[in-house]
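Chemist: What follows is protein-v9.pdb; its format and atoms are PDB, C-alpha atoms.
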ATOM      1  CA  MET A   1     -21.142  40.730 -13.526
ATOM      2  CA  ASN A   2     -23.360  37.996 -12.215
ATOM      3  CA  SER A   3     -21.312  34.857 -11.812
ATOM      4  CA  SER A   4     -23.909  32.892 -13.796
ATOM      5  CA  ILE A   5     -23.292  35.015 -16.885
ATOM      6  CA  ASP A   6     -20.105  34.204 -18.744
ATOM      7  CA  PRO A   7     -19.199  37.277 -20.811
ATOM      8  CA  THR A   8     -17.278  35.133 -23.271
ATOM      9  CA  ALA A   9     -19.814  32.384 -23.922
ATOM     10  CA  ALA A  10     -23.425  32.064 -24.975
ATOM     11  CA  THR A  11     -25.983  32.036 -22.160
ATOM     12  CA  VAL A  12     -28.771  29.478 -22.187
ATOM     13  CA  LEU A  13     -31.896  31.123 -20.853
ATOM     14  CA  GLN A  14     -34.762  28.985 -19.620
ATOM     15  CA  SER A  15     -37.387  31.630 -20.185
ATOM     16  CA  LEU A  16     -40.725  30.954 -18.546
ATOM     17  CA  ARG A  17     -42.378  32.678 -21.455
ATOM     18  CA  PHE A  18     -40.341  31.748 -24.485
ATOM     19  CA  GLY A  19     -38.782  28.446 -23.511
ATOM     20  CA  THR A  20     -35.111  27.736 -24.008
ATOM     21  CA  LEU A  21     -33.184  30.520 -25.667
ATOM     22  CA  THR A  22     -29.519  30.905 -26.451
ATOM     23  CA  ILE A  23     -28.247  34.428 -25.936
ATOM     24  CA  GLU A  24     -24.958  35.330 -27.536
ATOM     25  CA  PRO A  25     -22.487  37.405 -25.502
ATOM     26  CA  GLU A  26     -22.884  40.399 -27.794
ATOM     27  CA  ASP A  27     -26.634  40.413 -27.102
ATOM     28  CA  VAL A  28     -26.284  40.728 -23.342
ATOM     29  CA  LEU A  29     -27.046  44.141 -21.883
ATOM     30  CA  GLU A  30     -25.478  45.007 -18.576
ATOM     31  CA  PHE A  31     -27.555  47.075 -16.148
ATOM     32  CA  PRO A  32     -25.071  48.216 -13.496
ATOM     33  CA  ARG A  33     -27.928  49.450 -11.302
ATOM     34  CA  GLY A  34     -30.646  47.125 -12.487
ATOM     35  CA  LEU A  35     -34.160  48.098 -13.421
ATOM     36  CA  ILE A  36     -35.903  50.182 -10.789
ATOM     37  CA  GLY A  37     -37.928  47.878  -8.582
ATOM     38  CA  LEU A  38     -37.077  44.770 -10.572
ATOM     39  CA  GLY A  39     -33.333  44.600 -10.145
ATOM     40  CA  GLY A  40     -31.299  42.261 -12.297
ATOM     41  CA  HIS A  41     -28.035  43.183 -13.901
ATOM     42  CA  HIS A  42     -28.276  41.329 -17.185
ATOM     43  CA  TYR A  43     -30.983  41.572 -19.778
ATOM     44  CA  THR A  44     -31.371  40.961 -23.464
ATOM     45  CA  LEU A  45     -33.691  42.327 -26.122
ATOM     46  CA  LEU A  46     -35.817  39.779 -27.946
ATOM     47  CA  ASP A  47     -37.467  40.570 -31.244
ATOM     48  CA  ARG A  48     -40.446  38.260 -30.808
ATOM     49  CA  ASN A  49     -42.857  40.510 -32.664
ATOM     50  CA  PRO A  50     -41.007  41.527 -35.836
ATOM     51  CA  GLY A  51     -42.344  44.568 -37.557
ATOM     52  CA  THR A  52     -44.498  45.780 -34.674
ATOM     53  CA  GLY A  53     -41.921  47.994 -33.005
ATOM     54  CA  PHE A  54     -42.248  45.962 -29.817
ATOM     55  CA  TRP A  55     -39.337  44.207 -28.205
ATOM     56  CA  TRP A  56     -39.106  42.115 -25.069
ATOM     57  CA  LEU A  57     -36.580  43.180 -22.489
ATOM     58  CA  HIS A  58     -35.879  39.831 -20.882
ATOM     59  CA  SER A  59     -33.919  39.322 -17.692
ATOM     60  CA  LEU A  60     -31.106  36.817 -17.782
ATOM     61  CA  ASP A  61     -31.003  36.732 -13.997
ATOM     62  CA  ASP A  62     -34.681  35.942 -13.491
ATOM     63  CA  PRO A  63     -36.332  33.762 -16.156
ATOM     64  CA  ALA A  64     -39.769  35.071 -15.176
ATOM     65  CA  ILE A  65     -39.100  38.730 -15.928
ATOM     66  CA  ALA A  66     -39.813  40.054 -19.399
ATOM     67  CA  LEU A  67     -41.167  43.491 -20.229
ATOM     68  CA  PRO A  68     -42.443  44.728 -23.556
ATOM     69  CA  VAL A  69     -40.603  47.844 -24.665
ATOM     70  CA  VAL A  70     -40.599  50.166 -27.642
ATOM     71  CA  ASP A  71     -38.237  52.786 -28.969
ATOM     72  CA  PRO A  72     -40.117  55.989 -28.127
ATOM     73  CA  ARG A  73     -38.563  57.782 -31.060
ATOM     74  CA  SER A  74     -40.314  55.349 -33.379
ATOM     75  CA  PHE A  75     -43.739  56.235 -32.011
ATOM     76  CA  PHE A  76     -43.323  59.831 -30.896
ATOM     77  CA  HIS A  77     -41.652  62.086 -33.430
ATOM     78  CA  ASN A  78     -41.470  64.841 -30.848
ATOM     79  CA  PHE A  79     -39.936  62.707 -28.122
ATOM     80  CA  VAL A  80     -37.211  64.484 -26.200
ATOM     81  CA  LEU A  81     -34.766  62.955 -23.734
ATOM     82  CA  GLN A  82     -33.489  65.421 -21.187
ATOM     83  CA  LEU A  83     -31.206  64.247 -18.395
ATOM     84  CA  SER A  84     -29.501  65.811 -15.418
ATOM     85  CA  ASP A  85     -25.751  66.184 -15.766
ATOM     86  CA  ASP A  86     -25.213  63.327 -13.330
ATOM     87  CA  GLU A  87     -27.529  61.010 -15.255
ATOM     88  CA  HIS A  88     -25.967  61.959 -18.556
ATOM     89  CA  GLU A  89     -22.533  61.181 -17.183
ATOM     90  CA  ARG A  90     -23.748  57.884 -15.760
ATOM     91  CA  VAL A  91     -25.125  56.799 -19.129
ATOM     92  CA  GLY A  92     -21.782  57.428 -20.770
ATOM     93  CA  ALA A  93     -23.075  58.438 -24.180
ATOM     94  CA  GLY A  94     -21.749  61.768 -25.359
ATOM     95  CA  ASP A  95     -24.532  62.147 -27.889
ATOM     96  CA  LEU A  96     -27.818  60.718 -26.627
ATOM     97  CA  ASP A  97     -29.197  60.690 -30.170
ATOM     98  CA  GLU A  98     -26.774  57.889 -30.953
ATOM     99  CA  ALA A  99     -27.781  55.746 -27.980
ATOM    100  CA  GLN A 100     -30.435  53.047 -28.115
ATOM    101  CA  LEU A 101     -33.551  54.073 -26.291
ATOM    102  CA  TYR A 102     -36.507  52.092 -24.950
ATOM    103  CA  VAL A 103     -39.515  52.692 -22.759
ATOM    104  CA  THR A 104     -41.565  50.117 -20.886
ATOM    105  CA  VAL A 105     -45.065  49.312 -22.043
ATOM    106  CA  ARG A 106     -48.152  48.576 -19.957
ATOM    107  CA  THR A 107     -50.154  46.341 -22.221
ATOM    108  CA  ALA A 108     -53.935  46.161 -22.138
ATOM    109  CA  PRO A 109     -56.641  44.257 -23.981
ATOM    110  CA  ASN A 110     -57.711  47.408 -25.777
ATOM    111  CA  PRO A 111     -54.865  49.046 -27.726
ATOM    112  CA  VAL A 112     -56.048  52.514 -26.782
ATOM    113  CA  ASP A 113     -55.408  51.660 -23.133
ATOM    114  CA  VAL A 114     -51.775  50.768 -23.742
ATOM    115  CA  VAL A 115     -49.443  53.275 -22.140
ATOM    116  CA  VAL A 116     -45.702  53.779 -22.104
ATOM    117  CA  ASN A 117     -43.489  55.289 -19.460
ATOM    118  CA  LEU A 118     -41.700  58.218 -21.059
ATOM    119  CA  ARG A 119     -40.534  59.453 -17.667
ATOM    120  CA  ALA A 120     -38.091  56.621 -17.091
ATOM    121  CA  PRO A 121     -36.593  55.477 -20.385
ATOM    122  CA  ILE A 122     -33.843  52.905 -20.685
ATOM    123  CA  VAL A 123     -30.724  54.189 -22.396
ATOM    124  CA  VAL A 124     -28.339  51.655 -23.896
ATOM    125  CA  TRP A 125     -24.837  52.680 -24.781
ATOM    126  CA  GLU A 126     -22.158  50.195 -25.704
ATOM    127  CA  ARG A 127     -24.213  47.350 -24.202
ATOM    128  CA  ARG A 128     -24.500  49.077 -20.855
ATOM    129  CA  ALA A 129     -28.007  50.123 -19.937
ATOM    130  CA  HIS A 130     -29.448  52.540 -17.426
ATOM    131  CA  GLN A 131     -32.982  53.403 -16.540
ATOM    132  CA  VAL A 132     -32.922  57.172 -16.213
ATOM    133  CA  LEU A 133     -35.291  59.973 -15.304
ATOM    134  CA  ASN A 134     -36.351  62.072 -18.249
ATOM    135  CA  THR A 135     -36.946  65.646 -17.161
ATOM    136  CA  ALA A 136     -38.315  66.848 -20.509
ATOM    137  CA  PRO A 137     -41.770  68.449 -20.403
ATOM    138  CA  GLY A 138     -44.489  65.962 -21.276
ATOM    139  CA  ALA A 139     -42.357  62.949 -20.418
ATOM    140  CA  ASP A 140     -44.991  61.427 -18.157
ATOM    141  CA  LEU A 141     -45.199  58.066 -16.446
ATOM    142  CA  GLN A 142     -48.166  56.981 -18.514
ATOM    143  CA  VAL A 143     -48.543  58.219 -22.050
ATOM    144  CA  ARG A 144     -51.024  56.611 -24.362
ATOM    145  CA  LEU A 145     -49.318  54.861 -27.237
ATOM    146  CA  PHE A 146     -52.355  54.789 -29.479
ATOM    147  CA  ALA A 147     -55.236  57.185 -29.723
ATOM    148  CA  PRO A 148     -58.873  56.164 -30.091
ATOM    149  CA  ALA A 149     -59.877  55.913 -33.732
ATOM    150  CA  ASP A 150     -62.373  58.737 -33.346
ATOM    151  CA  ALA A 151     -59.695  61.078 -31.980
ATOM    152  CA  ALA A 152     -57.772  61.291 -35.245
TER     153      ALA A 152
ATOM    154  CA  MET B   1     -35.402  53.885  12.059
ATOM    155  CA  LEU B   2     -32.599  56.110  13.217
ATOM    156  CA  ILE B   3     -33.805  59.640  13.941
ATOM    157  CA  LEU B   4     -31.296  62.483  14.129
ATOM    158  CA  THR B   5     -31.683  66.185  14.811
ATOM    159  CA  ARG B   6     -29.607  68.422  12.543
ATOM    160  CA  ARG B   7     -29.378  72.140  11.922
ATOM    161  CA  PRO B   8     -28.794  73.870   8.606
ATOM    162  CA  GLY B   9     -25.201  73.350   7.566
ATOM    163  CA  GLU B  10     -24.832  70.167   9.565
ATOM    164  CA  ARG B  11     -24.339  66.807   7.944
ATOM    165  CA  VAL B  12     -25.027  63.118   8.239
ATOM    166  CA  VAL B  13     -22.558  60.567   6.952
ATOM    167  CA  ILE B  14     -23.923  57.271   5.639
ATOM    168  CA  GLY B  15     -21.337  54.570   5.308
ATOM    169  CA  GLU B  16     -17.986  55.751   4.033
ATOM    170  CA  ASP B  17     -19.013  57.779   1.063
ATOM    171  CA  VAL B  18     -22.502  59.257   1.284
ATOM    172  CA  LEU B  19     -22.775  62.715   2.804
ATOM    173  CA  VAL B  20     -26.132  64.386   3.421
ATOM    174  CA  THR B  21     -26.105  68.085   4.227
ATOM    175  CA  VAL B  22     -29.051  70.075   5.552
ATOM    176  CA  MET B  23     -28.897  73.099   3.291
ATOM    177  CA  GLU B  24     -31.936  75.044   4.411
ATOM    178  CA  VAL B  25     -35.047  74.718   6.526
ATOM    179  CA  SER B  26     -37.999  76.849   5.583
ATOM    180  CA  GLY B  27     -41.397  76.138   7.085
ATOM    181  CA  GLN B  28     -42.333  72.587   6.126
ATOM    182  CA  THR B  29     -39.583  72.332   3.556
ATOM    183  CA  VAL B  30     -36.083  71.003   4.053
ATOM    184  CA  ARG B  31     -33.446  71.302   1.338
ATOM    185  CA  LEU B  32     -30.857  68.564   1.355
ATOM    186  CA  GLY B  33     -27.550  68.307  -0.416
ATOM    187  CA  ILE B  34     -26.381  64.768  -1.100
ATOM    188  CA  ALA B  35     -22.855  63.826  -2.059
ATOM    189  CA  ALA B  36     -22.625  60.205  -3.159
ATOM    190  CA  PRO B  37     -20.310  58.082  -5.282
ATOM    191  CA  GLU B  38     -20.530  58.635  -9.009
ATOM    192  CA  GLY B  39     -23.036  56.306 -10.563
ATOM    193  CA  LEU B  40     -25.137  55.874  -7.455
ATOM    194  CA  PRO B  41     -28.639  56.899  -8.465
ATOM    195  CA  ILE B  42     -30.579  59.100  -6.056
ATOM    196  CA  TYR B  43     -34.328  59.533  -6.425
ATOM    197  CA  ARG B  44     -37.126  61.362  -4.713
ATOM    198  CA  GLU B  45     -39.120  58.597  -3.093
ATOM    199  CA  GLU B  46     -42.392  59.328  -4.877
ATOM    200  CA  ILE B  47     -40.691  59.154  -8.267
ATOM    201  CA  TRP B  48     -38.837  55.980  -7.371
ATOM    202  CA  LEU B  49     -42.072  54.355  -6.240
ATOM    203  CA  ALA B  50     -43.940  55.436  -9.352
ATOM    204  CA  VAL B  51     -41.296  54.115 -11.742
ATOM    205  CA  LYS B  52     -41.063  50.907  -9.753
ATOM    206  CA  GLU B  53     -44.811  50.446 -10.109
ATOM    207  CA  GLU B  54     -44.662  51.057 -13.868
ATOM    208  CA  ASN B  55     -41.900  48.483 -14.270
ATOM    209  CA  ARG B  56     -43.762  45.911 -12.241
ATOM    210  CA  ALA B  57     -46.996  46.593 -14.085
ATOM    211  CA  ALA B  58     -45.247  46.199 -17.430
ATOM    212  CA  ALA B  59     -43.841  42.844 -16.348
ATOM    213  CA  GLU B  60     -47.210  41.691 -15.047
ATOM    214  CA  ALA B  61     -49.029  42.711 -18.160
ATOM    215  CA  ALA B  62     -46.618  40.739 -20.231
ATOM    216  CA  ASP B  63     -47.199  37.685 -18.061
ATOM    217  CA  ALA B  64     -50.899  37.951 -18.767
ATOM    218  CA  LEU B  65     -50.433  37.268 -22.453
ATOM    219  CA  PRO B  66     -52.502  34.287 -23.531
ATOM    220  CA  THR B  67     -49.618  32.029 -24.506
ATOM    221  CA  ALA B  68     -47.537  32.723 -21.418
ATOM    222  CA  ALA B  69     -48.905  29.775 -19.436
ATOM    223  CA  ASP B  70     -47.944  27.382 -22.218
ATOM    224  CA  GLY B  71     -44.352  28.481 -22.228
ATOM    225  CA  LEU B  72     -44.704  29.090 -25.926
ATOM    226  CA  PRO B  73     -43.655  32.146 -27.830
ATOM    227  CA  ALA B  74     -45.976  35.014 -27.073
ATOM    228  CA  SER B  75     -48.557  35.815 -29.651
ATOM    229  CA  ALA B  76     -47.888  38.939 -31.599
ATOM    230  CA  ASP B  77     -51.607  39.537 -31.481
ATOM    231  CA  ALA B  78     -51.372  40.176 -27.768
ATOM    232  CA  LEU B  79     -49.356  43.284 -28.401
ATOM    233  CA  PRO B  80     -50.948  46.168 -30.225
ATOM    234  CA  THR B  81     -49.530  47.173 -33.530
ATOM    235  CA  PRO B  82     -49.735  50.611 -35.073
ATOM    236  CA  SER B  83     -52.198  49.294 -37.627
ATOM    237  CA  GLN B  84     -54.700  48.420 -34.887
ATOM    238  CA  ALA B  85     -55.395  51.989 -33.893
ATOM    239  CA  ALA B  86     -55.386  55.449 -35.303
ATOM    240  CA  PRO B  87     -52.334  57.665 -34.918
ATOM    241  CA  ALA B  88     -51.723  58.793 -31.375
ATOM    242  CA  GLY B  89     -53.348  61.995 -30.337
ATOM    243  CA  LYS B  90     -51.150  63.166 -27.483
ATOM    244  CA  ALA B  91     -47.995  62.820 -29.516
ATOM    245  CA  ASP B  92     -47.140  62.070 -33.070
ATOM    246  CA  GLN B  93     -46.923  58.448 -34.056
ATOM    247  CA  ARG B  94     -44.845  56.878 -36.744
ATOM    248  CA  PRO B  95     -46.956  55.827 -39.696
ATOM    249  CA  SER B  96     -47.327  52.075 -39.825
TER     250      SER B  96
END
As structure tokens, please, write out the structure in this file.

Modeler:
Amino acid sequence: MNSSIDPTAATVLQSLRFGTLTIEPEDVLEFPRGLIGLGGHHYTLLDRNPGTGFWWLHSLDDPAIALPVVDPRSFFHNFVLQLSDDEHERVGAGDLDEAQLYVTVRTAPNPVDVVVNLRAPIVVWERRAHQVLNTAPGADLQVRLFAPADAA
Amino acid sequence: MLILTRRPGERVVIGEDVLVTVMEVSGQTVRLGIAAPEGLPIYREEIWLAVKEENRAAAEAADALPTAADGLPASADALPTPSQAAPAGKADQRPS
């Protein structure tokens, strides 16, 4: 674990976005391999937008890094997570349906331009998190979260 | 960059515990077998780059939220909610 994170005490996070936050030990997620391209080994999930389905995955190692995420199963009823045997073993969850699951969100001014990355979800099991590669058909890097109103 | 010539069946050892085996060479395609410590993720470069770009883009988009510069809590309005758009077309969306 990062030496700046005490697993037995609350962490005070000086978030560039949200100001000073106190993160309890049980709310710290450990990323043994970090987020791809962003690194960091400790993150937390912030519910700054209650009721919207959006969470903020905030780094505890870098106060500038925060990504909006959603649980894909909340938005896509037909979402499937399919992992290689190695990835499944790395995640540690016997039953993936019982694990927490998030995907990163590319926000945009127009909601119909917002996309999520279903190809590389983040699986959380017992407070350990891994960004994995989803090999399920249709699990693309950019999938529109909302459809245009006239497409319904 | 270290450049090595290997034949099918021959290996390259990286460090103490990563073993790369040339499995097959066929035309422009080379099949590699990689033995690495458990838990060490291995990606095709193009996939790794693409996911990296998505992560960075997600972080940048979040930084662009209107209240970010003030160091105040982000506005919920900056993030779309299911009620702002019709149900997704490519995949089913949970009713708001």

Chemist: Taking all atoms listed in the file into account, report as a PyMOL selection string which residues of chain A lie within 6 Å of chain B.

Modeler: chain A and resi 16-19+36-37+49+52+66-67+74-77+90+105-107+111+146-147+149

Chemist: Selected by the PyMOL selection byres ((chain A and resi 71) around 10) in the shown coordinates: which residues, as a VMD selection string?

Modeler: chain A and resid 53 to 55 69 to 70 72 to 76 100 to 104 121 to 122

Chemist: Would you compute the distance between CA of Arg48 (chain A) and CA of Asn110 (chain A)? Give it in Å to one decimal.

Modeler: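 So the two atoms, CA of Arg48 (chain A) and CA of Asn110 (chain A), lie 20.2 Å apart.
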
Chemist: Can you tell me, as an MDAnalysis selection string, what residues are no more than 10 Å from Asp61 (chain A) when counting all atoms listed in the file, ignoring any on the same chain fewer than 4 positions away?

Modeler: chainID A and resid 2 4:5 13 39:43 65

Chemist: Using the chain letters and numbers from this file, what does the PyMOL selection byres ((chain A and resi 27) around 12) select? Give the answer as an NGL selection string.

Modeler: :A and (7-11 or 21-26 or 28-30 or 42-47 or 57-60 or 124 or 126-128)

Chemist: Please enclose the listed atoms of region 49-52 of chain A in an axis-aligned box, pad each side by 6 Å, and write out the centre and the three edge lengths in Å, rounded to one decimal, as JSON.

Modeler:
{"center_x": -42.8, "center_y": 43.1, "center_z": -35.1, "size_x": 15.5, "size_y": 17.3, "size_z": 16.9}

Chemist: Determine the residue set returned by the PyMOL selection byres ((chain B and resi 15-18) around 7) for the present structure, and present it as a ChimeraX atom specification.

Modeler: /B:13-14,19-20,35-37

Chemist: Any idea what the distance is between CA of Arg11 (chain B) and CA of Gln28 (chain B)?

Modeler: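 So the answer is 19.0 Å.
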
Chemist: Please output region 91-102 of chain A, rebuilt to include all heavy atoms, as a PDB file, in the coordinates of the input.

Modeler:
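What ended up in selection-v7.pdb:
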ATOM      1  N   VAL A  91     -24.794  57.550 -17.914  1.00  0.00           N
ATOM      2  CA  VAL A  91     -25.125  56.799 -19.129  1.00  0.00           C
ATOM      3  C   VAL A  91     -23.880  56.585 -19.998  1.00  0.00           C
ATOM      4  O   VAL A  91     -23.710  55.528 -20.605  1.00  0.00           O
ATOM      5  CB  VAL A  91     -26.215  57.554 -19.918  1.00  0.00           C
ATOM      6  CG1 VAL A  91     -26.314  57.048 -21.342  1.00  0.00           C
ATOM      7  CG2 VAL A  91     -27.547  57.434 -19.197  1.00  0.00           C
ATOM      8  N   GLY A  92     -23.041  57.584 -20.047  1.00  0.00           N
ATOM      9  CA  GLY A  92     -21.782  57.428 -20.770  1.00  0.00           C
ATOM     10  C   GLY A  92     -21.811  57.831 -22.227  1.00  0.00           C
ATOM     11  O   GLY A  92     -20.766  57.922 -22.857  1.00  0.00           O
ATOM     12  N   ALA A  93     -22.968  58.065 -22.765  1.00  0.00           N
ATOM     13  CA  ALA A  93     -23.075  58.438 -24.180  1.00  0.00           C
ATOM     14  C   ALA A  93     -22.904  59.941 -24.328  1.00  0.00           C
ATOM     15  O   ALA A  93     -23.629  60.718 -23.715  1.00  0.00           O
ATOM     16  CB  ALA A  93     -24.427  58.010 -24.732  1.00  0.00           C
ATOM     17  N   GLY A  94     -21.942  60.339 -25.144  1.00  0.00           N
ATOM     18  CA  GLY A  94     -21.749  61.768 -25.359  1.00  0.00           C
ATOM     19  C   GLY A  94     -22.942  62.370 -26.075  1.00  0.00           C
ATOM     20  O   GLY A  94     -23.449  63.421 -25.693  1.00  0.00           O
ATOM     21  N   ASP A  95     -23.383  61.692 -27.112  1.00  0.00           N
ATOM     22  CA  ASP A  95     -24.532  62.147 -27.889  1.00  0.00           C
ATOM     23  C   ASP A  95     -25.687  61.165 -27.668  1.00  0.00           C
ATOM     24  O   ASP A  95     -25.650  60.034 -28.156  1.00  0.00           O
ATOM     25  CB  ASP A  95     -24.165  62.209 -29.373  1.00  0.00           C
ATOM     26  CG  ASP A  95     -25.293  62.790 -30.213  1.00  0.00           C
ATOM     27  OD1 ASP A  95     -26.392  63.035 -29.651  1.00  0.00           O
ATOM     28  OD2 ASP A  95     -25.073  63.002 -31.417  1.00  0.00           O
ATOM     29  N   LEU A  96     -26.697  61.611 -26.957  1.00  0.00           N
ATOM     30  CA  LEU A  96     -27.818  60.718 -26.627  1.00  0.00           C
ATOM     31  C   LEU A  96     -28.579  60.279 -27.873  1.00  0.00           C
ATOM     32  O   LEU A  96     -29.239  59.234 -27.868  1.00  0.00           O
ATOM     33  CB  LEU A  96     -28.768  61.408 -25.639  1.00  0.00           C
ATOM     34  CG  LEU A  96     -28.203  61.623 -24.232  1.00  0.00           C
ATOM     35  CD1 LEU A  96     -29.157  62.477 -23.398  1.00  0.00           C
ATOM     36  CD2 LEU A  96     -27.943  60.292 -23.544  1.00  0.00           C
ATOM     37  N   ASP A  97     -28.500  61.068 -28.937  1.00  0.00           N
ATOM     38  CA  ASP A  97     -29.197  60.690 -30.170  1.00  0.00           C
ATOM     39  C   ASP A  97     -28.626  59.402 -30.758  1.00  0.00           C
ATOM     40  O   ASP A  97     -29.284  58.727 -31.547  1.00  0.00           O
ATOM     41  CB  ASP A  97     -29.084  61.820 -31.200  1.00  0.00           C
ATOM     42  CG  ASP A  97     -29.945  63.011 -30.817  1.00  0.00           C
ATOM     43  OD1 ASP A  97     -30.868  62.824 -30.004  1.00  0.00           O
ATOM     44  OD2 ASP A  97     -29.673  64.117 -31.314  1.00  0.00           O
ATOM     45  N   GLU A  98     -27.404  59.087 -30.399  1.00  0.00           N
ATOM     46  CA  GLU A  98     -26.774  57.889 -30.953  1.00  0.00           C
ATOM     47  C   GLU A  98     -26.975  56.668 -30.062  1.00  0.00           C
ATOM     48  O   GLU A  98     -26.575  55.563 -30.429  1.00  0.00           O
ATOM     49  CB  GLU A  98     -25.283  58.144 -31.173  1.00  0.00           C
ATOM     50  CG  GLU A  98     -25.015  59.214 -32.228  1.00  0.00           C
ATOM     51  CD  GLU A  98     -23.535  59.417 -32.456  1.00  0.00           C
ATOM     52  OE1 GLU A  98     -22.728  58.643 -31.912  1.00  0.00           O
ATOM     53  OE2 GLU A  98     -23.189  60.368 -33.179  1.00  0.00           O
ATOM     54  N   ALA A  99     -27.551  56.864 -28.896  1.00  0.00           N
ATOM     55  CA  ALA A  99     -27.781  55.746 -27.980  1.00  0.00           C
ATOM     56  C   ALA A  99     -29.086  55.042 -28.342  1.00  0.00           C
ATOM     57  O   ALA A  99     -29.994  55.635 -28.926  1.00  0.00           O
ATOM     58  CB  ALA A  99     -27.843  56.253 -26.544  1.00  0.00           C
ATOM     59  N   GLN A 100     -29.158  53.757 -27.986  1.00  0.00           N
ATOM     60  CA  GLN A 100     -30.435  53.047 -28.115  1.00  0.00           C
ATOM     61  C   GLN A 100     -31.337  53.494 -26.978  1.00  0.00           C
ATOM     62  O   GLN A 100     -30.879  53.770 -25.866  1.00  0.00           O
ATOM     63  CB  GLN A 100     -30.227  51.539 -28.006  1.00  0.00           C
ATOM     64  CG  GLN A 100     -29.516  50.892 -29.172  1.00  0.00           C
ATOM     65  CD  GLN A 100     -29.215  49.437 -28.840  1.00  0.00           C
ATOM     66  OE1 GLN A 100     -28.127  49.097 -28.424  1.00  0.00           O
ATOM     67  NE2 GLN A 100     -30.194  48.575 -29.025  1.00  0.00           N
ATOM     68  N   LEU A 101     -32.615  53.542 -27.268  1.00  0.00           N
ATOM     69  CA  LEU A 101     -33.551  54.073 -26.291  1.00  0.00           C
ATOM     70  C   LEU A 101     -34.812  53.219 -26.279  1.00  0.00           C
ATOM     71  O   LEU A 101     -35.349  52.871 -27.339  1.00  0.00           O
ATOM     72  CB  LEU A 101     -33.898  55.505 -26.711  1.00  0.00           C
ATOM     73  CG  LEU A 101     -34.349  56.499 -25.673  1.00  0.00           C
ATOM     74  CD1 LEU A 101     -33.351  56.577 -24.536  1.00  0.00           C
ATOM     75  CD2 LEU A 101     -34.511  57.866 -26.317  1.00  0.00           C
ATOM     76  N   TYR A 102     -35.281  52.894 -25.085  1.00  0.00           N
ATOM     77  CA  TYR A 102     -36.507  52.092 -24.950  1.00  0.00           C
ATOM     78  C   TYR A 102     -37.336  52.618 -23.783  1.00  0.00           C
ATOM     79  O   TYR A 102     -36.802  53.181 -22.839  1.00  0.00           O
ATOM     80  CB  TYR A 102     -36.164  50.614 -24.712  1.00  0.00           C
ATOM     81  CG  TYR A 102     -35.334  50.017 -25.820  1.00  0.00           C
ATOM     82  CD1 TYR A 102     -33.941  49.976 -25.726  1.00  0.00           C
ATOM     83  CD2 TYR A 102     -35.932  49.541 -26.984  1.00  0.00           C
ATOM     84  CE1 TYR A 102     -33.165  49.464 -26.755  1.00  0.00           C
ATOM     85  CE2 TYR A 102     -35.169  49.030 -28.021  1.00  0.00           C
ATOM     86  CZ  TYR A 102     -33.791  49.001 -27.907  1.00  0.00           C
ATOM     87  OH  TYR A 102     -33.026  48.503 -28.932  1.00  0.00           O
TER      88      TYR A 102
END
